[in-house]
file final-v3.tsv (TSV, C-alpha atoms and all ligand atoms)
chain	number	residue	atom	x	y	z
F	231	MET	CA	6.25	-14.54	7.37
F	232	ARG	CA	6.16	-11.32	5.33
F	233	VAL	CA	6.03	-8.02	7.19
F	234	PRO	CA	3.72	-5.52	5.46
F	235	VAL	CA	5.35	-2.43	3.95
F	236	VAL	CA	3.91	1.03	3.47
F	237	ALA	CA	6.01	3.25	1.22
F	238	GLY	CA	5.18	6.84	0.35
F	239	ASN	CA	6.23	8.08	-3.08
F	240	TRP	CA	6.10	11.84	-2.87
F	241	LYS	CA	7.04	12.22	-6.55
F	242	MET	CA	8.14	15.77	-7.51
F	243	ASN	CA	6.37	17.53	-4.66
F	244	GLY	CA	7.23	19.49	-1.55
F	245	ASN	CA	9.74	21.99	-0.28
F	246	ARG	CA	11.70	22.33	2.96
F	247	ALA	CA	8.79	23.88	4.85
F	248	SER	CA	6.08	21.50	3.62
F	249	ILE	CA	8.28	18.44	4.18
F	250	GLN	CA	9.06	19.52	7.72
F	251	ALA	CA	5.36	20.09	8.44
F	252	LEU	CA	4.32	16.78	6.86
F	253	LEU	CA	6.91	14.73	8.75
F	254	GLU	CA	6.14	16.44	12.05
F	255	SER	CA	2.46	15.54	11.64
F	256	ILE	CA	3.28	11.97	10.64
F	257	ARG	CA	5.66	11.52	13.57
F	258	ALA	CA	3.09	12.99	15.97
F	259	GLY	CA	0.41	10.51	14.87
F	260	PHE	CA	2.67	7.49	14.43
F	261	SER	CA	2.41	4.48	16.73
F	262	ARG	CA	5.46	2.43	17.66
F	263	GLU	CA	3.11	-0.51	17.99
F	264	TRP	CA	2.55	-0.75	14.26
F	265	GLU	CA	4.62	-3.71	13.25
F	266	SER	CA	5.11	-3.00	9.57
F	267	ARG	CA	7.94	-1.45	7.60
F	268	PHE	CA	7.44	2.21	6.73
F	269	LEU	CA	9.33	4.51	4.41
F	270	VAL	CA	8.96	7.71	2.43
F	271	CYS	CA	10.67	8.45	-0.88
F	272	GLY	CA	11.50	12.09	-1.49
F	273	SER	CA	13.28	14.15	-4.12
F	274	PHE	CA	17.10	14.32	-4.23
F	275	PRO	CA	17.65	17.79	-2.72
F	276	TYR	CA	15.61	16.90	0.36
F	277	LEU	CA	16.87	13.40	1.17
F	278	ASP	CA	19.40	14.59	3.68
F	279	LEU	CA	16.79	16.79	5.38
F	280	ILE	CA	14.25	13.94	5.40
F	281	SER	CA	16.84	11.59	6.93
F	282	ARG	CA	17.54	14.08	9.68
F	283	LEU	CA	13.84	14.70	10.35
F	284	LEU	CA	13.22	10.94	10.60
F	285	GLN	CA	16.19	10.16	12.82
F	286	ASP	CA	15.22	7.77	15.65
F	287	SER	CA	11.86	7.10	14.04
F	288	ALA	CA	10.47	3.84	12.64
F	289	ILE	CA	10.21	5.43	9.20
F	290	ALA	CA	13.04	4.87	6.72
F	291	VAL	CA	14.04	7.01	3.76
F	292	GLY	CA	14.07	6.16	0.08
F	293	ALA	CA	14.76	7.87	-3.23
F	294	GLN	CA	12.68	7.73	-6.40
F	295	ASN	CA	15.44	7.07	-8.92
F	296	LEU	CA	19.20	6.62	-9.24
F	297	SER	CA	21.82	6.55	-11.94
F	298	GLU	CA	22.56	3.41	-13.89
F	299	PHE	CA	26.26	4.40	-13.58
F	300	ARG	CA	28.53	4.09	-10.56
F	301	ALA	CA	30.45	7.37	-10.55
F	302	GLY	CA	32.32	9.77	-12.77
F	303	ALA	CA	31.62	12.03	-15.72
F	304	TYR	CA	27.82	11.75	-15.82
F	305	THR	CA	26.64	15.32	-15.41
F	306	GLY	CA	23.37	15.59	-13.56
F	307	GLU	CA	23.25	11.98	-12.39
F	308	VAL	CA	22.91	10.79	-8.79
F	309	SER	CA	24.55	7.51	-7.79
F	310	GLY	CA	23.39	4.82	-5.42
F	311	GLU	CA	26.34	5.54	-3.15
F	312	MET	CA	25.30	9.18	-2.91
F	313	LEU	CA	21.80	8.12	-1.92
F	314	ALA	CA	23.13	5.78	0.76
F	315	ASP	CA	25.40	8.59	1.99
F	316	ALA	CA	22.35	10.88	2.24
F	317	GLY	CA	20.63	8.37	4.54
F	318	CYS	CA	18.56	6.36	2.05
F	319	ARG	CA	17.94	2.65	2.50
F	320	TYR	CA	15.52	2.18	-0.38
F	321	VAL	CA	15.10	3.36	-3.96
F	322	ILE	CA	12.17	3.08	-6.36
F	323	ILE	CA	13.23	1.65	-9.72
F	324	GLY	CA	11.38	1.53	-13.02
F	325	HIS	CA	8.35	3.55	-12.00
F	326	SER	CA	5.95	3.78	-14.96
F	327	GLU	CA	6.38	7.56	-15.01
F	328	ARG	CA	10.10	7.07	-15.62
F	329	ARG	CA	9.51	4.39	-18.23
F	330	ALA	CA	6.83	6.39	-20.09
F	331	LEU	CA	7.93	10.01	-19.68
F	332	PHE	CA	11.71	9.59	-19.63
F	333	GLY	CA	12.05	6.61	-21.94
F	334	GLU	CA	13.68	4.36	-19.35
F	335	THR	CA	14.28	0.97	-20.94
F	336	SER	CA	14.20	-2.45	-19.34
F	337	GLN	CA	18.00	-2.60	-19.67
F	338	GLN	CA	18.37	0.68	-17.78
F	339	VAL	CA	15.94	-0.52	-15.14
F	340	ALA	CA	18.00	-3.70	-14.69
F	341	ALA	CA	21.25	-1.69	-14.46
F	342	LYS	CA	19.72	0.61	-11.84
F	343	PHE	CA	18.57	-2.43	-9.85
F	344	LEU	CA	22.17	-3.69	-9.76
F	345	ARG	CA	23.61	-0.26	-8.87
F	346	ALA	CA	21.11	0.08	-6.02
F	347	GLN	CA	22.11	-3.25	-4.49
F	348	GLU	CA	25.81	-2.54	-4.92
F	349	ALA	CA	25.26	0.59	-2.84
F	350	GLY	CA	23.46	-1.40	-0.14
F	351	LEU	CA	20.04	0.00	-1.04
F	352	THR	CA	16.90	-2.11	-1.31
F	353	PRO	CA	15.38	-1.60	-4.75
F	354	ILE	CA	11.61	-1.37	-5.10
F	355	LEU	CA	11.07	-2.58	-8.64
F	356	CYS	CA	7.85	-1.27	-10.21
F	357	VAL	CA	5.94	-3.16	-12.88
F	358	GLY	CA	2.52	-2.52	-14.37
F	359	GLU	CA	0.39	-2.60	-17.48
F	360	THR	CA	-1.33	0.20	-19.37
F	361	LEU	CA	-5.10	0.24	-19.83
F	362	GLU	CA	-4.64	-0.83	-23.42
F	363	GLN	CA	-2.52	-3.81	-22.40
F	364	ARG	CA	-5.13	-4.83	-19.83
F	365	GLN	CA	-7.94	-4.56	-22.37
F	366	GLN	CA	-5.96	-6.75	-24.75
F	367	GLY	CA	-5.51	-9.39	-22.06
F	368	LEU	CA	-1.77	-8.70	-21.82
F	369	THR	CA	-1.56	-7.80	-18.12
F	370	LEU	CA	0.26	-10.87	-16.86
F	371	ASP	CA	2.55	-11.08	-19.90
F	372	THR	CA	3.51	-7.42	-19.47
F	373	VAL	CA	4.40	-7.54	-15.79
F	374	ARG	CA	6.16	-10.89	-16.06
F	375	GLU	CA	8.26	-9.55	-18.92
F	376	GLN	CA	9.19	-6.47	-16.86
F	377	LEU	CA	10.20	-8.75	-14.01
F	378	ARG	CA	12.09	-11.13	-16.29
F	379	ALA	CA	14.16	-8.27	-17.75
F	380	VAL	CA	15.61	-7.64	-14.28
F	381	ALA	CA	15.75	-11.24	-13.04
F	382	ASP	CA	17.70	-12.32	-16.13
F	383	VAL	CA	20.39	-9.73	-15.44
F	384	ALA	CA	20.44	-9.69	-11.63
F	385	GLY	CA	19.66	-13.36	-10.96
F	386	VAL	CA	16.97	-14.64	-8.63
F	387	ASP	CA	19.20	-14.37	-5.54
F	388	ALA	CA	19.11	-10.60	-5.90
F	389	PHE	CA	15.43	-10.72	-4.94
F	390	ARG	CA	16.39	-11.66	-1.40
F	391	HIS	CA	17.03	-7.97	-0.85
F	392	ALA	CA	14.41	-6.33	-3.03
F	393	MET	CA	10.73	-5.54	-3.24
F	394	LEU	CA	8.31	-5.52	-6.12
F	395	ALA	CA	5.53	-3.01	-6.62
F	396	TYR	CA	2.64	-3.77	-8.93
F	397	GLU	CA	1.33	-0.45	-10.19
F	398	PRO	CA	-1.26	-0.66	-12.97
F	399	VAL	CA	-0.59	2.46	-15.04
F	400	TRP	CA	-4.32	3.13	-15.42
F	401	ALA	CA	-4.72	3.30	-11.63
F	402	ILE	CA	-1.93	5.83	-10.94
F	403	GLY	CA	-3.23	9.23	-9.95
F	404	THR	CA	-6.57	8.52	-11.61
F	405	GLY	CA	-8.68	7.62	-8.59
F	406	LEU	CA	-9.26	4.23	-10.25
F	407	THR	CA	-7.98	1.41	-8.06
F	408	ALA	CA	-7.51	-2.18	-9.10
F	409	THR	CA	-9.96	-4.34	-7.22
F	410	PRO	CA	-8.36	-6.57	-4.59
F	411	GLU	CA	-9.13	-9.52	-6.90
F	412	GLN	CA	-7.44	-7.87	-9.91
F	413	ALA	CA	-4.38	-6.95	-7.86
F	414	GLN	CA	-4.19	-10.34	-6.12
F	415	GLU	CA	-4.20	-12.12	-9.48
F	416	VAL	CA	-1.16	-10.13	-10.66
F	417	HIS	CA	0.68	-10.37	-7.34
F	418	ALA	CA	0.19	-14.15	-7.24
F	419	SER	CA	1.43	-14.41	-10.80
F	420	LEU	CA	4.59	-12.39	-10.03
F	421	ARG	CA	5.30	-14.47	-6.95
F	422	GLU	CA	4.76	-17.66	-8.91
F	423	ARG	CA	7.26	-16.46	-11.51
F	424	ILE	CA	9.94	-16.08	-8.83
F	425	ALA	CA	8.86	-19.31	-7.11
F	426	VAL	CA	9.69	-21.28	-10.25
F	427	LEU	CA	13.28	-20.11	-9.77
F	428	HIS	CA	13.45	-20.09	-5.97
F	429	PRO	CA	10.42	-20.89	-3.78
F	430	GLU	CA	11.93	-19.60	-0.55
F	431	ILE	CA	12.85	-16.21	-2.02
F	432	ALA	CA	9.38	-15.95	-3.57
F	433	ALA	CA	7.73	-16.68	-0.24
F	434	ARG	CA	9.69	-13.87	1.44
F	435	LEU	CA	9.49	-11.25	-1.32
F	436	PRO	CA	7.33	-8.24	-0.42
F	437	ILE	CA	5.03	-7.33	-3.32
F	438	LEU	CA	3.37	-3.95	-2.82
F	439	TYR	CA	0.35	-2.59	-4.64
F	440	GLY	CA	0.32	0.99	-5.94
F	441	GLY	CA	-2.35	2.99	-7.72
F	442	SER	CA	-4.80	5.29	-5.96
F	443	VAL	CA	-4.38	3.63	-2.56
F	444	LYS	CA	-6.22	5.68	0.06
F	445	ALA	CA	-7.25	5.31	3.68
F	446	SER	CA	-10.65	4.11	2.46
F	447	ASN	CA	-9.42	1.18	0.35
F	448	ALA	CA	-6.09	0.22	1.96
F	449	ALA	CA	-7.33	-2.38	4.45
F	450	GLU	CA	-9.32	-4.21	1.80
F	451	LEU	CA	-6.34	-4.36	-0.56
F	452	PHE	CA	-3.85	-5.36	2.14
F	453	ALA	CA	-6.12	-8.25	3.20
F	454	SER	CA	-5.33	-10.19	0.02
F	455	PRO	CA	-2.81	-12.97	0.61
F	456	ASP	CA	-0.16	-11.79	-1.87
F	457	ILE	CA	-0.54	-8.04	-1.33
F	458	ASP	CA	2.13	-7.10	1.20
F	459	GLY	CA	1.40	-3.41	1.56
F	460	GLY	CA	1.34	-0.38	-0.68
F	461	LEU	CA	3.34	2.18	-2.62
F	462	ILE	CA	1.35	5.33	-2.03
F	463	GLY	CA	1.47	8.42	-4.24
F	464	GLY	CA	-0.99	11.27	-3.67
F	465	ALA	CA	-2.28	10.02	-0.32
F	466	SER	CA	1.25	9.98	1.14
F	467	LEU	CA	1.35	13.78	0.95
F	468	ASP	CA	-1.49	14.03	3.45
F	469	ALA	CA	-0.39	13.13	6.98
F	470	GLN	CA	-3.77	11.86	8.16
F	471	GLU	CA	-4.36	9.77	5.03
F	472	PHE	CA	-0.85	8.32	5.20
F	473	LEU	CA	-1.20	7.52	8.90
F	474	ALA	CA	-4.53	5.80	8.29
F	475	ILE	CA	-2.90	3.65	5.60
F	476	CYS	CA	0.00	2.84	7.97
F	477	ARG	CA	-2.56	1.86	10.61
F	478	ALA	CA	-4.33	-0.39	8.09
F	479	ALA	CA	-1.03	-2.20	7.43
F	480	GLY	CA	0.23	-2.10	11.00
G	501	LIG	P1	-1.17	7.44	-6.62
G	501	LIG	O1	-1.29	6.80	-5.27
G	501	LIG	O2	-1.19	8.93	-6.58
G	501	LIG	O3	-2.17	6.86	-7.59
G	501	LIG	O4	0.28	7.06	-7.19
G	501	LIG	C1	0.70	5.75	-7.14
G	501	LIG	C2	2.16	5.71	-7.48
G	501	LIG	O5	2.54	5.96	-8.60
G	501	LIG	C3	3.10	5.38	-6.40
G	501	LIG	O6	4.36	5.12	-6.89
call {"tool": "encode", "arguments": {"input": "final-v3.tsv", "output": "structure tokens", "more": "lines below"}}
Ligand code: 13P
result
Amino acid sequence: MRVPVVAGNWKMNGNRASIQALLESIRAGFSREWESRFLVCGSFPYLDLISRLLQDSAIAVGAQNLSEFRAGAYTGEVSGEMLADAGCRYVIIGHSERRALFGETSQQVAAKFLRAQEAGLTPILCVGETLEQRQQGLTLDTVREQLRAVADVAGVDAFRHAMLAYEPVWAIGTGLTATPEQAQEVHASLRERIAVLHPEIAARLPILYGGSVKASNAAELFASPDIDGGLIGGASLDAQEFLAICRAAG
């Protein structure tokens, strides 16, 4: 019922030449027979280029952030409409790097979620606990609270056109991966939270796992019943690694 999703989050990496080379390699190794959803999320100045390089491919384009405002006197901000105009269909919202390093609050995350949907973009809402929270037994409380902050504002119906990504902060860029059992527990808990409000939407909602996903651990993670694919950081910058992860999902 749920189609697996593989999303690359390139973070603040790449330039015109490296992006062109990466996407050429990915397109060369990509199989049309893989029946999952694929996308890559690049930095603002390259979104238009990425869209053009991925034209007529099965790989969609996403951004990594957007403004909580619609338009106007907000120097330096980038709106959802601008992203859609640049060819984006998806946008990552509330990544832990934005929450921790740029002080993004739950209210801002909720506003961005709304702005994304208004612009016709599918938000990929990230939630995840720190190592300290996990050690204190607060994992499920933490992610459910992050989800609640958005669901309260947007309403459960908004999750018809959204994805969740569970990204334990301690697993991001560290080489430490949540075990499939650890991830499955959190994914099931998130789905259950939505199911209380709307079982059908919960059953359809893609919940991706992110945090040191690699070719070597992707298949095992994706085999869990509530893990519907991955949000891939470092490994999405390597064409062969990314392709192997796509193959594992496809
Ligand atoms: P890594 O795959 O590099 O751990 O990053 C995960 C992530 O933050 C994806 O959004």
call {"tool": "residues_around", "arguments": {"input": "final-v3.tsv", "residues": "Val339 (chain F)", "least_positions_apart": "6", "cutoff": "8 Å", "atoms": "all atoms listed in the file", "output": "PyMOL selection string"}}
result
chain F and resi 298+323-324+380
call {"tool": "write_last_selection", "arguments": {"input": "final-v3.tsv", "atoms": "C-alpha atoms", "output": "tab-separated table (two decimals), keeping the file's coordinate frame"}}
result
chain	number	residue	atom	x	y	z
F	298	GLU	CA	22.56	3.41	-13.89
F	323	ILE	CA	13.23	1.65	-9.72
F	324	GLY	CA	11.38	1.53	-13.02
F	380	VAL	CA	15.61	-7.64	-14.28
call {"tool": "closest_residue", "arguments": {"input": "final-v3.tsv", "among": "F:Glu327, F:Tyr320, F:Ala469, F:Asp315", "to": "Ala251 (chain F)", "atoms": "only C-alpha atoms"}}
result
F:Ala469
call {"tool": "closest_atom_pairs", "arguments": {"input": "final-v3.tsv", "of": "chain F", "to": "ligand LIG 501 (chain G)", "cutoff": "9 Å", "atoms": "all atoms listed in the file", "output": "tab-separated table"}}
result
residue	atom	partner	partner_atom	distance
F:Ala237	CA	G:LIG501	C3	8.4
F:Gly238	CA	G:LIG501	C3	7.2
F:Asn239	CA	G:LIG501	O6	5.2
F:Trp240	CA	G:LIG501	C3	7.9
F:Lys241	CA	G:LIG501	O6	7.6
F:Gln294	CA	G:LIG501	O6	8.7
F:Ile322	CA	G:LIG501	O6	8.1
F:His325	CA	G:LIG501	O6	6.7
F:Ser326	CA	G:LIG501	O5	7.5
F:Glu327	CA	G:LIG501	O5	7.6
F:Cys356	CA	G:LIG501	O6	8.0
F:Ala395	CA	G:LIG501	O6	8.2
F:Glu397	CA	G:LIG501	O5	6.7
F:Pro398	CA	G:LIG501	O5	8.8
F:Val399	CA	G:LIG501	O5	8.0
F:Trp400	CA	G:LIG501	O3	8.9
F:Ala401	CA	G:LIG501	O3	6.0
F:Ile402	CA	G:LIG501	O3	3.5
F:Gly403	CA	G:LIG501	O3	3.5
F:Thr404	CA	G:LIG501	O3	6.2
F:Gly405	CA	G:LIG501	O3	6.6
F:Leu406	CA	G:LIG501	O3	8.0
F:Thr407	CA	G:LIG501	O3	8.0
F:Tyr439	CA	G:LIG501	C3	8.6
F:Gly440	CA	G:LIG501	C1	4.9
F:Gly441	CA	G:LIG501	O3	3.9
F:Ser442	CA	G:LIG501	O3	3.5
F:Val443	CA	G:LIG501	O1	5.2
F:Lys444	CA	G:LIG501	O1	7.3
F:Gly460	CA	G:LIG501	C3	8.3
F:Leu461	CA	G:LIG501	C3	5.0
F:Ile462	CA	G:LIG501	O1	4.4
F:Gly463	CA	G:LIG501	O1	3.4
F:Gly464	CA	G:LIG501	O2	3.7
F:Ala465	CA	G:LIG501	O1	6.0
F:Ser466	CA	G:LIG501	O1	7.6
call {"tool": "atom_distance", "arguments": {"input": "final-v3.tsv", "atom1": "CA of Val357 (chain F)", "atom2": "CA of Leu377 (chain F)"}}
result
7.1 Å
call {"tool": "closest_residue", "arguments": {"input": "final-v3.tsv", "among": "F:Cys318, F:Gly302, F:Glu307, F:Ala392", "to": "Gly272 (chain F)", "atoms": "all atoms listed in the file"}}
result
F:Cys318
call {"tool": "closest_residue", "arguments": {"input": "final-v3.tsv", "among": "F:Ser297, F:Gln250, F:Ser419, F:Ser255", "to": "Leu277 (chain F)", "atoms": "only C-alpha atoms"}}
result
F:Gln250
call {"tool": "residues_around", "arguments": {"input": "final-v3.tsv", "residues": "Arg364 (chain F)", "least_positions_apart": "3", "cutoff": "12 Å", "atoms": "all atoms listed in the file", "output": "list in words"}}
result
Gly358, Glu359, Thr360, Leu361, Gly367, Leu368, Thr369, Leu370, Asp371, Thr372, Val373, Pro398, Val399, Trp400, Ala401, Ala408, Gln412 and Val416 of chain F
call {"tool": "residues_around", "arguments": {"input": "final-v3.tsv", "residues": "Ala478 (chain F)", "least_positions_apart": "6", "cutoff": "8 Å", "atoms": "all atoms listed in the file", "output": "VMD selection string"}}
result
chain F and resid 445 448 to 449 452
call {"tool": "residues_around", "arguments": {"input": "final-v3.tsv", "residues": "Arg232 (chain F)", "least_positions_apart": "4", "cutoff": "9 Å", "atoms": "all atoms listed in the file", "output": "short mmCIF file (atom, residue, chain, number, x, y, z; two decimals) with C-alpha atoms, keeping the file's coordinate frame"}}
result
data_model
loop_
_atom_site.label_atom_id
_atom_site.label_comp_id
_atom_site.auth_asym_id
_atom_site.auth_seq_id
_atom_site.Cartn_x
_atom_site.Cartn_y
_atom_site.Cartn_z
CA ALA F 433 7.73 -16.68 -0.24
CA ARG F 434 9.69 -13.87 1.44
CA LEU F 435 9.49 -11.25 -1.32
CA PRO F 436 7.33 -8.24 -0.42
CA ASP F 458 2.13 -7.10 1.20
#
call {"tool": "closest_residue", "arguments": {"input": "final-v3.tsv", "among": "F:Met393, F:Ala346, F:Leu467, F:Val308", "to": "Phe274 (chain F)", "atoms": "all atoms listed in the file"}}
result
F:Val308
call {"tool": "closest_residue", "arguments": {"input": "final-v3.tsv", "among": "F:Phe472, F:Ser336, F:His391, F:Gly292", "to": "Ser446 (chain F)", "atoms": "all atoms listed in the file"}}
result
F:Phe472
call {"tool": "atom_distance", "arguments": {"input": "final-v3.tsv", "atom1": "CA of Gln285 (chain F)", "atom2": "CA of Asp468 (chain F)"}}
result
20.4 Å
call {"tool": "residues_around", "arguments": {"input": "final-v3.tsv", "residues": "Ala301 (chain F)", "least_positions_apart": "5", "cutoff": "12 Å", "atoms": "all atoms listed in the file", "output": "short mmCIF file (atom, residue, chain, number, x, y, z; two decimals) with C-alpha atoms, in the coordinates of the input"}}
result
data_model
loop_
_atom_site.label_atom_id
_atom_site.label_comp_id
_atom_site.auth_asym_id
_atom_site.auth_seq_id
_atom_site.Cartn_x
_atom_site.Cartn_y
_atom_site.Cartn_z
CA LEU F 296 19.20 6.62 -9.24
CA GLY F 306 23.37 15.59 -13.56
CA GLU F 307 23.25 11.98 -12.39
CA VAL F 308 22.91 10.79 -8.79
CA SER F 309 24.55 7.51 -7.79
CA GLY F 310 23.39 4.82 -5.42
CA GLU F 311 26.34 5.54 -3.15
CA MET F 312 25.30 9.18 -2.91
CA ARG F 345 23.61 -0.26 -8.87
CA ALA F 349 25.26 0.59 -2.84
#
call {"tool": "atom_distance", "arguments": {"input": "final-v3.tsv", "atom1": "CA of Arg374 (chain F)", "atom2": "CA of Leu313 (chain F)"}}
result
28.4 Å
